Amino acid sequence: MKRRTFLQVLGGTLAFHKHVFAAAPADQFFIFIHAAGGWDVTLWADPRNEKLGLVDPASTENTDIAPLTRWKSAKLDGDTDTFEILAPSDVALRFGPGIGDLYDLRHRLTVVNGLAMNTVSHPDGTSFSATGRHLAGGHPPASSIDVAIANELGTGQLLPDIAIGFPAAYVGDHLDRRAIPLRVANAGTIAKSLARSDAYFKADDRAAITALLSDEASSLAARSTYPETFERVKSQEDSLPKLLGDELKEAFTAKALTAAYPQLDYKAKYIGQGALGAAFAVEAMKRDLVRCVGFALGGLDTHNQNYKQQAHTQQEIFGTVATLVKLLDVTPHPSRRGAKLADHTHILVFSDFCRTPQINLSGGRDHYPNNSALVISPRFKAGRAFGKTDREQLLPADSGLTFSDGPRPISPPDLLATFLHAFGIDPRIYLRDGEVVAEMLA
Amino acid sequence: MRVAILLLATACTAQTLAPSAPQPLPAAQTAMIDTTPKARRRMVPPEVYLRAYLTWFGGLVPLDVQNRAKPKGLFDAWDDYLAALGLPDYKIDLPRQSQSNTLMLATLGRLGEALCVRAAEHDLHAKTPLDQRVVFAFDPAGDFAAGFDVLHRTFLGYPARLAPPDRLARFQALFASIAARHAGAKQPLTADETAWAAVCTALVQHPEAELY
């Protein structure tokens, strides 16, 4: 090949790669929320208010309706009332009373119903929802969605992926080490780990120690048969001084976050400190420090009399999501002038599975291999529900969508593949199963 | 027929087994052992790290370490750090972490700083006799290399002279820069004591202390 031809080919290849990388949306943000414990979908996304087949709807006998803002009673039988389904005329969605304040943002919601879970185990359902794979030997065999996104779009960020009680999984040798999720139990831990006393060492001293450790890691990497681990430590040491800056430490304390975002309900009765995760997400995105934040809002595992609070717990979870979206609506994007964070932030909310349609002998609902999920993203068709369940058993039914293997329900890998595809990421790199559901994308 | 007789005669020939003197055993061969690493280094399990940490602190129980480390904001409570250190938290279904991350390094740094500053106060500032010292069991006014070797053996488990040759100089430069920065400053430790605490802090969170 002549030199000129070679250079032309090389130039063309580089230009192609440049185009591909330029298309990657590097200024988008992602929030993943795990509604932990398994939610009763008949109380929000797939509402049921009549006794039919296995379905025993929520009623005044099994639900504490006093705190529910969206509960409107309808006659069930005898002295027992159930709820009136919320069926707004402006969107093709129906809700139960658990949706709470998120109902006001219905035109921005994409609901996925009838997700085929094939499991009723908490860890397995959580893994399937987050990674698209069932557990193997008790461990997730694939990386979770947040790690995939962080690996593709977040490695330039100081904190590519923060997982506050979120089931993030980093699996595989082909991923960038910077995408390893920072897993913590609660948002306050982050500030505490970063806190330093100035009584003995000053910032300059710590910077010198960190620089020395970075040099040591580099020197060891150069001598090592497998340098990757030392290289990872070096890159982490290099980013430490920025993390230890006074401004960050102070911004991420529980006290500072609570003061900065008083709109969130930090005293919610059932979801614990989950709202602090939402506050952390907004603050970290506003400062352009993260790409993905995952957190958990829990308390949904209601097998017995505690089912009475399932709807209230859902109301707290969706209330937190609604407040989070409203905060993103008024928070400026850190790098796009004039844009709001909400225009470039994509939220996925999922649970382990759903709960049985019938009420058990203890007055609660057990685990059931069906599920629903929620997406709030400008890249998805909003105000619509995808997927179906059958009327009598609440099991996943043919979604009516086109899949290469014929008619079938949607499964978590399909949703995850669609989510990755929405941001120009090839799902095949991260997911063994799942097909992109083009109908879901805006 | 003649051939058959010949074969029969050959087959029937008696073999004599004469006794012989025992031969010396062949010399044992040296088996070559491949000592090259077969896997990447991993994080030391957090339990191992914590046990080592408690040992370095003088063999105290965790609660005592927590109480001793707390003053002047050096530490909070163990509960605050367990998840960041990679320990599983069964209350919230948080599994064990197998990879380090920046927050883990920050947490190890905070723990290391608390340990080393307190040890410097106990061993150096209080002028504790050498045989009762926890970490700095050497004369701090003596040769840097000798003191560094003691710390290197304590935290990394082998003599400093076996480490990569640039390590000693690197730590000596750290010592000198911090001692110079703190010279004359009004603070709880002298400049040299602060510098030794810094050397200790760097060794506690050294990649070789955290990985195996």
# chains A, B, ... in the order shown; residues from 1 in each chain; ligands from 1

call {"tool": "closest_atom_pairs", "arguments": {"of": "chain B", "to": "chain A", "cutoff": "6 Å", "atoms": "only C-alpha atoms", "output": "Markdown table"}}
result
| residue | atom | partner | partner_atom | distance |
| --- | --- | --- | --- | --- |
| B:Arg40 | CA | A:Tyr226 | CA | 5.5 |
| B:Gly73 | CA | A:Ser197 | CA | 5.3 |
| B:Leu74 | CA | A:Ser197 | CA | 5.5 |
| B:Asp80 | CA | A:Thr189 | CA | 5.8 |
| B:Ala83 | CA | A:Val184 | CA | 5.4 |
| B:Ala84 | CA | A:Val184 | CA | 5.5 |
| B:Thr102 | CA | A:Gln236 | CA | 5.0 |
| B:Thr107 | CA | A:Ser193 | CA | 4.9 |
| B:Ala202 | CA | A:Ile209 | CA | 5.8 |

call {"tool": "residues_around", "arguments": {"residues": "segment 126-135 of chain A", "least_positions_apart": "5", "cutoff": "6 Å", "atoms": "only C-alpha atoms", "output": "VMD selection string"}}
result
chain A and resid 140 142 to 145 352 412 to 413

call {"tool": "write_last_selection", "arguments": {"atoms": "N, CA and C atoms", "output": "short mmCIF file (atom, residue, chain, number, x, y, z; two decimals), in the first residue's frame"}}
result
data_model
loop_
_atom_site.label_atom_id
_atom_site.label_comp_id
_atom_site.auth_asym_id
_atom_site.auth_seq_id
_atom_site.Cartn_x
_atom_site.Cartn_y
_atom_site.Cartn_z
N PRO A 140 -23.48 -12.19 41.24
CA PRO A 140 -23.94 -11.74 39.91
C PRO A 140 -22.87 -12.08 38.87
N ALA A 142 -22.62 -10.85 35.92
CA ALA A 142 -22.39 -9.75 34.98
C ALA A 142 -22.43 -8.44 35.75
N SER A 143 -21.92 -7.40 35.11
CA SER A 143 -21.92 -6.09 35.75
C SER A 143 -23.33 -5.50 35.73
N SER A 144 -23.59 -4.65 36.69
CA SER A 144 -24.90 -4.00 36.75
C SER A 144 -24.93 -2.82 35.78
N ILE A 145 -26.13 -2.33 35.55
CA ILE A 145 -26.36 -1.29 34.54
C ILE A 145 -25.56 -0.02 34.85
N ASP A 352 -37.16 -5.92 43.33
CA ASP A 352 -36.69 -7.31 43.23
C ASP A 352 -37.66 -8.15 42.38
N PRO A 412 -36.23 -8.25 32.26
CA PRO A 412 -35.27 -7.22 32.68
C PRO A 412 -34.11 -7.00 31.70
N PRO A 413 -33.54 -8.08 31.10
CA PRO A 413 -32.46 -7.80 30.14
C PRO A 413 -32.91 -6.96 28.95
#

call {"tool": "select_by_dssp", "arguments": {"residues": "segment 236-442 of chain A", "states": "strand (DSSP E or B)", "output": "ChimeraX atom specification"}}
result
/A:290-297,332,340,345-351,354-355,367-368,373-376,380,384-386,388-389,396-397,441

call {"tool": "atom_distance", "arguments": {"atom1": "atom CA of Val55 of chain A", "atom2": "atom CA of Thr42 of chain A"}}
result
9.2 Å

call {"tool": "residues_around", "arguments": {"residues": "Thr55 of chain B", "least_positions_apart": "2", "cutoff": "12 Å", "atoms": "only C-alpha atoms", "output": "PyMOL selection string"}}
result
chain B and resi 48-53+57-62+65+115+134-135+154-155

call {"tool": "residues_around", "arguments": {"residues": "Ile31 of chain A", "least_positions_apart": "2", "cutoff": "7 Å", "atoms": "only C-alpha atoms", "output": "short mmCIF file (atom, residue, chain, number, x, y, z; two decimals) with C-alpha atoms, in the first residue's frame"}}
result
data_model
loop_
_atom_site.label_atom_id
_atom_site.label_comp_id
_atom_site.auth_asym_id
_atom_site.auth_seq_id
_atom_site.Cartn_x
_atom_site.Cartn_y
_atom_site.Cartn_z
CA PHE A 29 -26.33 11.78 34.31
CA ILE A 33 -33.12 3.46 42.36
CA CYS A 292 -24.11 7.47 37.99
CA VAL A 293 -25.64 7.45 41.43
CA GLY A 294 -27.58 4.45 42.66
CA HIS A 346 -32.10 9.55 33.26
CA ILE A 347 -33.75 7.64 36.06
CA LEU A 348 -34.48 3.92 36.28
#

call {"tool": "closest_residue", "arguments": {"among": "B:Gly86, B:Pro140, B:Pro164, B:Gly184", "to": "Met43 of chain B", "atoms": "only C-alpha atoms"}}
result
B:Gly86

call {"tool": "atom_distance", "arguments": {"atom1": "atom CA of Leu174 of chain B", "atom2": "atom CA of Lys127 of chain B"}}
result
23.1 Å

call {"tool": "closest_residue", "arguments": {"among": "B:Pro207, B:Cys116, B:His152, B:Asp79", "to": "Glu231 of chain A", "atoms": "only C-alpha atoms"}}
result
B:Pro207

call {"tool": "atom_distance", "arguments": {"atom1": "atom CA of Ala45 of chain A", "atom2": "atom CA of Ala397 of chain A"}}
result
15.1 Å
